[in-house]
Each structure stands twice: as structure tokens, then as C-alpha cells.
$ cat protein-v2.pdb   # PDB, C-alpha atoms
ATOM      1  CA  MET A  64       0.000   0.000   0.000
ATOM      2  CA  ARG A  65       1.461   3.332  -1.067
ATOM      3  CA  PHE A  66       0.469   6.908  -0.196
ATOM      4  CA  ARG A  67       0.583   7.870  -3.874
ATOM      5  CA  ASP A  68      -2.261   5.394  -4.549
ATOM      6  CA  ALA A  69      -4.683   7.432  -2.384
ATOM      7  CA  PRO A  70      -5.700   4.571  -0.059
ATOM      8  CA  THR A  71      -9.282   4.638   1.190
ATOM      9  CA  ALA A  72     -11.128   3.349   4.256
ATOM     10  CA  GLU A  73     -14.896   2.825   4.344
ATOM     11  CA  VAL A  74     -17.558   1.577   6.740
ATOM     12  CA  SER A  75     -21.308   1.252   6.347
ATOM     13  CA  VAL A  76     -24.371   0.233   8.318
ATOM     14  CA  LEU A  77     -27.893  -0.722   7.260
ATOM     15  CA  LEU A  78     -30.535   0.904   9.460
ATOM     16  CA  ALA A  79     -33.757  -1.037   8.933
ATOM     17  CA  ASP A  80     -35.936   1.461  10.768
ATOM     18  CA  CYS A  81     -34.361   4.803   9.870
ATOM     19  CA  SER A  82     -35.720   7.168   7.256
ATOM     20  CA  PRO A  83     -33.249   8.654   4.785
ATOM     21  CA  GLU A  84     -34.270  12.100   6.042
ATOM     22  CA  ARG A  85     -33.338  11.239   9.641
ATOM     23  CA  ALA A  86     -30.059   9.649   8.528
ATOM     24  CA  TRP A  87     -29.232  12.800   6.544
ATOM     25  CA  GLU A  88     -29.995  14.971   9.554
ATOM     26  CA  LEU A  89     -27.535  12.953  11.644
ATOM     27  CA  VAL A  90     -24.678  12.740   9.122
ATOM     28  CA  THR A  91     -24.767  16.463   8.363
ATOM     29  CA  ASP A  92     -23.982  17.346  11.976
ATOM     30  CA  VAL A  93     -20.254  18.169  11.689
ATOM     31  CA  GLU A  94     -19.903  17.654  15.446
ATOM     32  CA  LEU A  95     -21.107  14.040  15.271
ATOM     33  CA  PRO A  96     -17.597  12.529  15.634
ATOM     34  CA  THR A  97     -16.997  14.523  18.833
ATOM     35  CA  ARG A  98     -19.768  12.476  20.487
ATOM     36  CA  VAL A  99     -17.814   9.231  20.226
ATOM     37  CA  THR A 100     -14.335   8.036  21.051
ATOM     38  CA  GLY A 101     -12.181   9.199  18.209
ATOM     39  CA  GLU A 102      -9.663  11.760  17.079
ATOM     40  CA  LEU A 103     -11.966  14.722  16.480
ATOM     41  CA  THR A 104     -12.195  16.722  19.690
ATOM     42  CA  GLY A 105     -13.864  19.919  18.471
ATOM     43  CA  VAL A 106     -15.203  21.809  15.476
ATOM     44  CA  GLU A 107     -15.580  25.501  14.720
ATOM     45  CA  TRP A 108     -17.146  27.082  11.657
ATOM     46  CA  LEU A 109     -14.895  29.460   9.691
ATOM     47  CA  THR A 110     -17.538  30.882   7.371
ATOM     48  CA  ASP A 111     -20.829  32.686   7.845
ATOM     49  CA  VAL A 112     -22.514  29.596   6.442
ATOM     50  CA  ALA A 113     -22.577  27.169   9.390
ATOM     51  CA  GLU A 114     -24.174  24.225   7.654
ATOM     52  CA  VAL A 115     -23.369  21.574   5.100
ATOM     53  CA  ALA A 116     -23.117  23.626   1.892
ATOM     54  CA  VAL A 117     -20.511  23.718  -0.863
ATOM     55  CA  GLY A 118     -17.824  26.236   0.051
ATOM     56  CA  ALA A 119     -18.570  26.252   3.785
ATOM     57  CA  ARG A 120     -15.431  25.821   5.871
ATOM     58  CA  PHE A 121     -14.773  24.601   9.391
ATOM     59  CA  ARG A 122     -11.749  23.767  11.490
ATOM     60  CA  GLY A 123     -11.460  20.369  13.124
ATOM     61  CA  HIS A 124      -9.338  19.945  16.239
ATOM     62  CA  ASN A 125      -7.868  16.464  16.606
ATOM     63  CA  ALA A 126      -5.768  14.369  18.957
ATOM     64  CA  SER A 127      -4.355  10.846  18.891
ATOM     65  CA  GLU A 128      -1.721   8.959  20.838
ATOM     66  CA  SER A 129       0.395   8.289  17.761
ATOM     67  CA  LEU A 130       0.126  11.678  16.015
ATOM     68  CA  GLY A 131      -0.325  14.128  18.884
ATOM     69  CA  GLU A 132      -2.607  17.151  18.483
ATOM     70  CA  TRP A 133      -3.361  19.085  15.299
ATOM     71  CA  SER A 134      -6.000  21.176  13.585
ATOM     72  CA  ALA A 135      -7.147  20.986   9.999
ATOM     73  CA  GLU A 136      -9.099  23.414   7.882
ATOM     74  CA  CYS A 137     -11.928  21.640   6.143
ATOM     75  CA  GLU A 138     -13.922  22.730   3.119
ATOM     76  CA  ILE A 139     -17.142  21.192   1.911
ATOM     77  CA  VAL A 140     -16.554  20.446  -1.760
ATOM     78  CA  GLU A 141     -19.642  18.483  -2.776
ATOM     79  CA  VAL A 142     -23.221  18.216  -1.556
ATOM     80  CA  GLU A 143     -25.980  16.117  -3.029
ATOM     81  CA  PRO A 144     -28.807  17.022  -0.608
ATOM     82  CA  GLY A 145     -30.243  14.061   1.225
ATOM     83  CA  ARG A 146     -27.666  11.741  -0.321
ATOM     84  CA  ARG A 147     -23.985  12.699   0.033
ATOM     85  CA  TRP A 148     -21.609  15.344   1.315
ATOM     86  CA  VAL A 149     -17.850  15.473   0.844
ATOM     87  CA  TRP A 150     -15.203  17.606   2.525
ATOM     88  CA  THR A 151     -11.463  17.954   2.339
ATOM     89  CA  ALA A 152      -9.161  18.479   5.309
ATOM     90  CA  GLY A 153      -5.756  20.126   5.402
ATOM     91  CA  LEU A 154      -4.231  23.544   5.152
ATOM     92  CA  PRO A 155      -4.948  25.789   2.158
ATOM     93  CA  GLN A 156      -1.263  25.987   1.222
ATOM     94  CA  THR A 157      -0.701  22.186   1.211
ATOM     95  CA  GLY A 158      -3.683  20.853  -0.674
ATOM     96  CA  PRO A 159      -6.046  18.294   0.864
ATOM     97  CA  TRP A 160      -4.461  15.908   3.333
ATOM     98  CA  THR A 161      -7.608  13.834   3.169
ATOM     99  CA  THR A 162     -11.044  13.697   1.623
ATOM    100  CA  TRP A 163     -13.981  12.533   3.742
ATOM    101  CA  ALA A 164     -17.628  11.789   2.993
ATOM    102  CA  PHE A 165     -20.927  10.613   4.382
ATOM    103  CA  GLU A 166     -23.456   8.971   2.103
ATOM    104  CA  VAL A 167     -27.090   8.008   2.665
ATOM    105  CA  ASP A 168     -28.679   5.374   0.430
ATOM    106  CA  PRO A 169     -32.355   4.461   0.837
ATOM    107  CA  GLY A 170     -33.263   0.910  -0.106
ATOM    108  CA  PRO A 171     -36.017  -1.662   0.235
ATOM    109  CA  LYS A 172     -34.608  -3.030   3.511
ATOM    110  CA  GLY A 173     -33.799   0.321   5.123
ATOM    111  CA  THR A 174     -31.301   3.136   4.850
ATOM    112  CA  THR A 175     -27.609   2.462   4.377
ATOM    113  CA  VAL A 176     -25.280   5.048   5.891
ATOM    114  CA  ARG A 177     -21.685   5.032   4.688
ATOM    115  CA  GLN A 178     -18.618   7.002   5.726
ATOM    116  CA  TRP A 179     -15.362   6.901   3.820
ATOM    117  CA  ALA A 180     -12.048   8.731   3.757
ATOM    118  CA  ARG A 181      -9.136   8.877   1.325
ATOM    119  CA  LEU A 182      -5.520   9.872   1.951
ATOM    120  CA  GLY A 183      -3.862  12.685   0.016
ATOM    121  CA  PRO A 184      -2.921  14.087  -2.287
ATOM    122  CA  GLY A 185      -1.475  16.821  -0.027
ATOM    123  CA  ARG A 186       1.262  16.001   2.434
ATOM    124  CA  SER A 187       0.417  15.837   6.126
ATOM    125  CA  ARG A 188       2.075  14.804   9.365
ATOM    126  CA  LEU A 189       1.607  11.194   8.247
ATOM    127  CA  ASN A 190       4.111  11.802   5.447
ATOM    128  CA  GLU A 191       6.744  12.737   8.023
ATOM    129  CA  PHE A 192       6.439   9.227   9.487
ATOM    130  CA  ILE A 193       6.615   7.674   6.024
ATOM    131  CA  ASP A 194       9.643   9.799   5.087
ATOM    132  CA  ALA A 195      11.427   8.720   8.270
ATOM    133  CA  LYS A 196      10.764   5.009   7.580
ATOM    134  CA  PRO A 197      10.020   4.527   3.885
ATOM    135  CA  GLU A 198      10.386   0.755   4.227
ATOM    136  CA  ALA A 199       7.395   0.797   6.614
ATOM    137  CA  GLU A 200       5.094   2.862   4.365
ATOM    138  CA  GLY A 201       2.563   0.057   3.913
ATOM    139  CA  PHE A 202       2.425  -0.636   7.646
ATOM    140  CA  ILE A 203       2.123   3.064   8.532
ATOM    141  CA  ILE A 204      -0.741   3.567   6.075
ATOM    142  CA  ALA A 205      -2.516   0.353   7.099
ATOM    143  CA  ARG A 206      -2.360   1.438  10.730
ATOM    144  CA  ARG A 207      -3.756   4.875   9.857
ATOM    145  CA  LEU A 208      -6.613   3.397   7.837
ATOM    146  CA  ASP A 209      -7.416   1.000  10.695
ATOM    147  CA  ALA A 210      -7.640   3.969  13.071
ATOM    148  CA  TRP A 211      -9.969   5.715  10.626
ATOM    149  CA  ARG A 212     -12.183   2.634  10.311
ATOM    150  CA  THR A 213     -12.420   2.392  14.090
ATOM    151  CA  GLY A 214     -13.483   6.040  14.353
ATOM    152  CA  MET A 215     -15.909   5.806  11.436
ATOM    153  CA  GLN A 216     -17.462   2.647  12.878
ATOM    154  CA  ALA A 217     -17.933   4.487  16.185
ATOM    155  CA  ASN A 218     -19.715   7.272  14.273
ATOM    156  CA  LEU A 219     -22.061   4.810  12.571
ATOM    157  CA  ASP A 220     -22.658   2.894  15.810
ATOM    158  CA  TRP A 221     -23.678   6.190  17.421
ATOM    159  CA  ILE A 222     -26.071   6.890  14.534
ATOM    160  CA  ALA A 223     -27.529   3.384  14.852
ATOM    161  CA  ALA A 224     -28.077   3.927  18.589
ATOM    162  CA  HIS A 225     -29.574   7.421  18.258
ATOM    163  CA  HIS A 226     -31.473   7.560  14.977
ATOM    164  CA  ALA A 227     -34.804   7.076  16.744
ATOM    165  CA  ASP A 228     -34.264  10.069  19.064
TER     166      ASP A 228
END

$ encode --input "protein-v2.pdb" --output "C-alpha cells"
Amino acid sequence: MRFRDAPTAEVSVLLADCSPERAWELVTDVELPTRVTGELTGVEWLTDVAEVAVGARFRGHNASESLGEWSAECEIVEVEPGRRWVWTAGLPQTGPWTTWAFEVDPGPKGTTVRQWARLGPGRSRLNEFIDAKPEAEGFIIARRLDAWRTGMQANLDWIAAHHAD
């Protein structure tokens, strides 16, 4: 696994008794990940538009044992209302460190909620670890993607537990 290949992590859950509208309401709360155990510790809006809309920006504050603490500017780059929203994270001068998304898919057996994230193409703190140990690139990336999957699964578990609220 190589950084240049833009590795991706994804999780999904089928909610048999959740309307697509309720799922959309939950996944468009940018503070959702702060409600579970994960890296995101806080969010602040950077634009007058404080909702999921193309061009809206927010800053995410993060912390992890392996990477320490950092903040990332995020910009919402795609919105298909009721269905999908995509944002990039990084610093404006570096290009996106990552791209993230939530998707909502209604179906005959319920609503599927999906979250995914992709590394790159911009360089981040992760690249410093790869540069220091290029022979371990695959391991470093696999470990990062595993951490993402754990956090994304926690997000979807929270949605599954709270969608009836």
C-alpha cells in the first residue's frame, strides 16, 4: 500500500428502521464525531454559512496517541442534498491531506449510511512518518486506515443507537 495510490477506508451500516431524512440529519452534523471516542475533539465554523453547503469551511481539532494534536481546515466540496456530502481536510497551502464523505442510500430493507475517507494528495504529518521510515510505508498507512475505520465505525454505531431520538 502506497500513499501515492490514495488509499481509502470505508464503513457502512444498514438501518432497517431509519428514514433517509433522519439519517441525513444525523450525518450532516459536523460535530457528530466529537460524540464518540475518536480523534476529532472539536469543530468551529470558519464561514458565515454554518451548515453543510458547498464552500462552507470549518476547522477540526484532533488528537491521537500516535500523532499528537493538530488542527485541519476543512472545506465542503460536494453536496448532493439528502444523499452525500464530501469535505477535504488540510491547510490551504498544502492541498487536501484527506477527503472525507458521508453517504445516505435508501433501499427496500432500510437506509444504508456510509462514511469513507481517502488519503492525500497533499502532504500531512503522516508523510513525516513515512519519510522517516520509507520501508514501513505500507504498515504506517494500514495502521492509519485502521484507526480511521475504528473512528468511522464508532460514528455509525452512534447513529444506529440514536437515529430514533

$ closest_residue --input "protein-v2.pdb" --among "A:Gly183, A:Ile203, A:Gly173, A:Leu189" --to "Asp80 in chain A" --atoms "only C-alpha atoms"
A:Gly173

$ resolve_selection --input "protein-v2.pdb" --expression "the PyMOL selection byres ((chain A and resi 118) around 8)" --output "PyMOL selection string"
chain A and resi 116-117+119-120+138-140

$ residues_around --input "protein-v2.pdb" --residues "range 99-109 of chain A" --least-positions-apart "6" --cutoff "8 Å" --atoms "all atoms listed in the file" --output "PyMOL selection string"
chain A and resi 93+119-127+213-214+217-218+221

$ residues_around --input "protein-v2.pdb" --residues "Trp160 in chain A" --least-positions-apart "5" --cutoff "10 Å" --atoms "all atoms listed in the file" --output "PyMOL selection string"
chain A and resi 135-137+151-155+181-190

$ write_last_selection --input "protein-v2.pdb" --atoms "C-alpha atoms" --output "PDB file, in the frame of the given file"
ATOM      1  CA  ALA A 135      -7.147  20.986   9.999  1.00  0.00           C
ATOM      2  CA  GLU A 136      -9.099  23.414   7.882  1.00  0.00           C
ATOM      3  CA  CYS A 137     -11.928  21.640   6.143  1.00  0.00           C
ATOM      4  CA  THR A 151     -11.463  17.954   2.339  1.00  0.00           C
ATOM      5  CA  ALA A 152      -9.161  18.479   5.309  1.00  0.00           C
ATOM      6  CA  GLY A 153      -5.756  20.126   5.402  1.00  0.00           C
ATOM      7  CA  LEU A 154      -4.231  23.544   5.152  1.00  0.00           C
ATOM      8  CA  PRO A 155      -4.948  25.789   2.158  1.00  0.00           C
ATOM      9  CA  ARG A 181      -9.136   8.877   1.325  1.00  0.00           C
ATOM     10  CA  LEU A 182      -5.520   9.872   1.951  1.00  0.00           C
ATOM     11  CA  GLY A 183      -3.862  12.685   0.016  1.00  0.00           C
ATOM     12  CA  PRO A 184      -2.921  14.087  -2.287  1.00  0.00           C
ATOM     13  CA  GLY A 185      -1.475  16.821  -0.027  1.00  0.00           C
ATOM     14  CA  ARG A 186       1.262  16.001   2.434  1.00  0.00           C
ATOM     15  CA  SER A 187       0.417  15.837   6.126  1.00  0.00           C
ATOM     16  CA  ARG A 188       2.075  14.804   9.365  1.00  0.00           C
ATOM     17  CA  LEU A 189       1.607  11.194   8.247  1.00  0.00           C
ATOM     18  CA  ASN A 190       4.111  11.802   5.447  1.00  0.00           C
TER      19      ASN A 190
END

$ atom_distance --input "protein-v2.pdb" --atom1 "CA of Pro96 in chain A" --atom2 "CA of Ala223 in chain A"
13.5 Å

$ atom_distance --input "protein-v2.pdb" --atom1 "CA of Glu88 in chain A" --atom2 "CA of Ser134 in chain A"
25.1 Å

$ resolve_selection --input "protein-v2.pdb" --expression "the PyMOL selection byres ((chain A and resi 90) around 12)" --output "ChimeraX atom specification"
/A:83-89,91-96,114-115,144-149,163-167,175-178,215,218-219,221-223,225-226

$ decode --input "protein-v2.pdb" --residues "range 88-226 of chain A" --atoms "C-alpha atoms" --output "CSV table (one decimal), in the first residue's frame"
chain,number,residue,atom,x,y,z
A,88,GLU,CA,-30.0,15.0,9.6
A,89,LEU,CA,-27.5,13.0,11.6
A,90,VAL,CA,-24.7,12.7,9.1
A,91,THR,CA,-24.8,16.5,8.4
A,92,ASP,CA,-24.0,17.3,12.0
A,93,VAL,CA,-20.3,18.2,11.7
A,94,GLU,CA,-19.9,17.7,15.4
A,95,LEU,CA,-21.1,14.0,15.3
A,96,PRO,CA,-17.6,12.5,15.6
A,97,THR,CA,-17.0,14.5,18.8
A,98,ARG,CA,-19.8,12.5,20.5
A,99,VAL,CA,-17.8,9.2,20.2
A,100,THR,CA,-14.3,8.0,21.1
A,101,GLY,CA,-12.2,9.2,18.2
A,102,GLU,CA,-9.7,11.8,17.1
A,103,LEU,CA,-12.0,14.7,16.5
A,104,THR,CA,-12.2,16.7,19.7
A,105,GLY,CA,-13.9,19.9,18.5
A,106,VAL,CA,-15.2,21.8,15.5
A,107,GLU,CA,-15.6,25.5,14.7
A,108,TRP,CA,-17.1,27.1,11.7
A,109,LEU,CA,-14.9,29.5,9.7
A,110,THR,CA,-17.5,30.9,7.4
A,111,ASP,CA,-20.8,32.7,7.8
A,112,VAL,CA,-22.5,29.6,6.4
A,113,ALA,CA,-22.6,27.2,9.4
A,114,GLU,CA,-24.2,24.2,7.7
A,115,VAL,CA,-23.4,21.6,5.1
A,116,ALA,CA,-23.1,23.6,1.9
A,117,VAL,CA,-20.5,23.7,-0.9
A,118,GLY,CA,-17.8,26.2,0.1
A,119,ALA,CA,-18.6,26.3,3.8
A,120,ARG,CA,-15.4,25.8,5.9
A,121,PHE,CA,-14.8,24.6,9.4
A,122,ARG,CA,-11.7,23.8,11.5
A,123,GLY,CA,-11.5,20.4,13.1
A,124,HIS,CA,-9.3,19.9,16.2
A,125,ASN,CA,-7.9,16.5,16.6
A,126,ALA,CA,-5.8,14.4,19.0
A,127,SER,CA,-4.4,10.8,18.9
A,128,GLU,CA,-1.7,9.0,20.8
A,129,SER,CA,0.4,8.3,17.8
A,130,LEU,CA,0.1,11.7,16.0
A,131,GLY,CA,-0.3,14.1,18.9
A,132,GLU,CA,-2.6,17.2,18.5
A,133,TRP,CA,-3.4,19.1,15.3
A,134,SER,CA,-6.0,21.2,13.6
A,135,ALA,CA,-7.1,21.0,10.0
A,136,GLU,CA,-9.1,23.4,7.9
A,137,CYS,CA,-11.9,21.6,6.1
A,138,GLU,CA,-13.9,22.7,3.1
A,139,ILE,CA,-17.1,21.2,1.9
A,140,VAL,CA,-16.6,20.4,-1.8
A,141,GLU,CA,-19.6,18.5,-2.8
A,142,VAL,CA,-23.2,18.2,-1.6
A,143,GLU,CA,-26.0,16.1,-3.0
A,144,PRO,CA,-28.8,17.0,-0.6
A,145,GLY,CA,-30.2,14.1,1.2
A,146,ARG,CA,-27.7,11.7,-0.3
A,147,ARG,CA,-24.0,12.7,0.0
A,148,TRP,CA,-21.6,15.3,1.3
A,149,VAL,CA,-17.9,15.5,0.8
A,150,TRP,CA,-15.2,17.6,2.5
A,151,THR,CA,-11.5,18.0,2.3
A,152,ALA,CA,-9.2,18.5,5.3
A,153,GLY,CA,-5.8,20.1,5.4
A,154,LEU,CA,-4.2,23.5,5.2
A,155,PRO,CA,-4.9,25.8,2.2
A,156,GLN,CA,-1.3,26.0,1.2
A,157,THR,CA,-0.7,22.2,1.2
A,158,GLY,CA,-3.7,20.9,-0.7
A,159,PRO,CA,-6.0,18.3,0.9
A,160,TRP,CA,-4.5,15.9,3.3
A,161,THR,CA,-7.6,13.8,3.2
A,162,THR,CA,-11.0,13.7,1.6
A,163,TRP,CA,-14.0,12.5,3.7
A,164,ALA,CA,-17.6,11.8,3.0
A,165,PHE,CA,-20.9,10.6,4.4
A,166,GLU,CA,-23.5,9.0,2.1
A,167,VAL,CA,-27.1,8.0,2.7
A,168,ASP,CA,-28.7,5.4,0.4
A,169,PRO,CA,-32.4,4.5,0.8
A,170,GLY,CA,-33.3,0.9,-0.1
A,171,PRO,CA,-36.0,-1.7,0.2
A,172,LYS,CA,-34.6,-3.0,3.5
A,173,GLY,CA,-33.8,0.3,5.1
A,174,THR,CA,-31.3,3.1,4.8
A,175,THR,CA,-27.6,2.5,4.4
A,176,VAL,CA,-25.3,5.0,5.9
A,177,ARG,CA,-21.7,5.0,4.7
A,178,GLN,CA,-18.6,7.0,5.7
A,179,TRP,CA,-15.4,6.9,3.8
A,180,ALA,CA,-12.0,8.7,3.8
A,181,ARG,CA,-9.1,8.9,1.3
A,182,LEU,CA,-5.5,9.9,2.0
A,183,GLY,CA,-3.9,12.7,0.0
A,184,PRO,CA,-2.9,14.1,-2.3
A,185,GLY,CA,-1.5,16.8,0.0
A,186,ARG,CA,1.3,16.0,2.4
A,187,SER,CA,0.4,15.8,6.1
A,188,ARG,CA,2.1,14.8,9.4
A,189,LEU,CA,1.6,11.2,8.2
A,190,ASN,CA,4.1,11.8,5.4
A,191,GLU,CA,6.7,12.7,8.0
A,192,PHE,CA,6.4,9.2,9.5
A,193,ILE,CA,6.6,7.7,6.0
A,194,ASP,CA,9.6,9.8,5.1
A,195,ALA,CA,11.4,8.7,8.3
A,196,LYS,CA,10.8,5.0,7.6
A,197,PRO,CA,10.0,4.5,3.9
A,198,GLU,CA,10.4,0.8,4.2
A,199,ALA,CA,7.4,0.8,6.6
A,200,GLU,CA,5.1,2.9,4.4
A,201,GLY,CA,2.6,0.1,3.9
A,202,PHE,CA,2.4,-0.6,7.6
A,203,ILE,CA,2.1,3.1,8.5
A,204,ILE,CA,-0.7,3.6,6.1
A,205,ALA,CA,-2.5,0.4,7.1
A,206,ARG,CA,-2.4,1.4,10.7
A,207,ARG,CA,-3.8,4.9,9.9
A,208,LEU,CA,-6.6,3.4,7.8
A,209,ASP,CA,-7.4,1.0,10.7
A,210,ALA,CA,-7.6,4.0,13.1
A,211,TRP,CA,-10.0,5.7,10.6
A,212,ARG,CA,-12.2,2.6,10.3
A,213,THR,CA,-12.4,2.4,14.1
A,214,GLY,CA,-13.5,6.0,14.4
A,215,MET,CA,-15.9,5.8,11.4
A,216,GLN,CA,-17.5,2.6,12.9
A,217,ALA,CA,-17.9,4.5,16.2
A,218,ASN,CA,-19.7,7.3,14.3
A,219,LEU,CA,-22.1,4.8,12.6
A,220,ASP,CA,-22.7,2.9,15.8
A,221,TRP,CA,-23.7,6.2,17.4
A,222,ILE,CA,-26.1,6.9,14.5
A,223,ALA,CA,-27.5,3.4,14.9
A,224,ALA,CA,-28.1,3.9,18.6
A,225,HIS,CA,-29.6,7.4,18.3
A,226,HIS,CA,-31.5,7.6,15.0
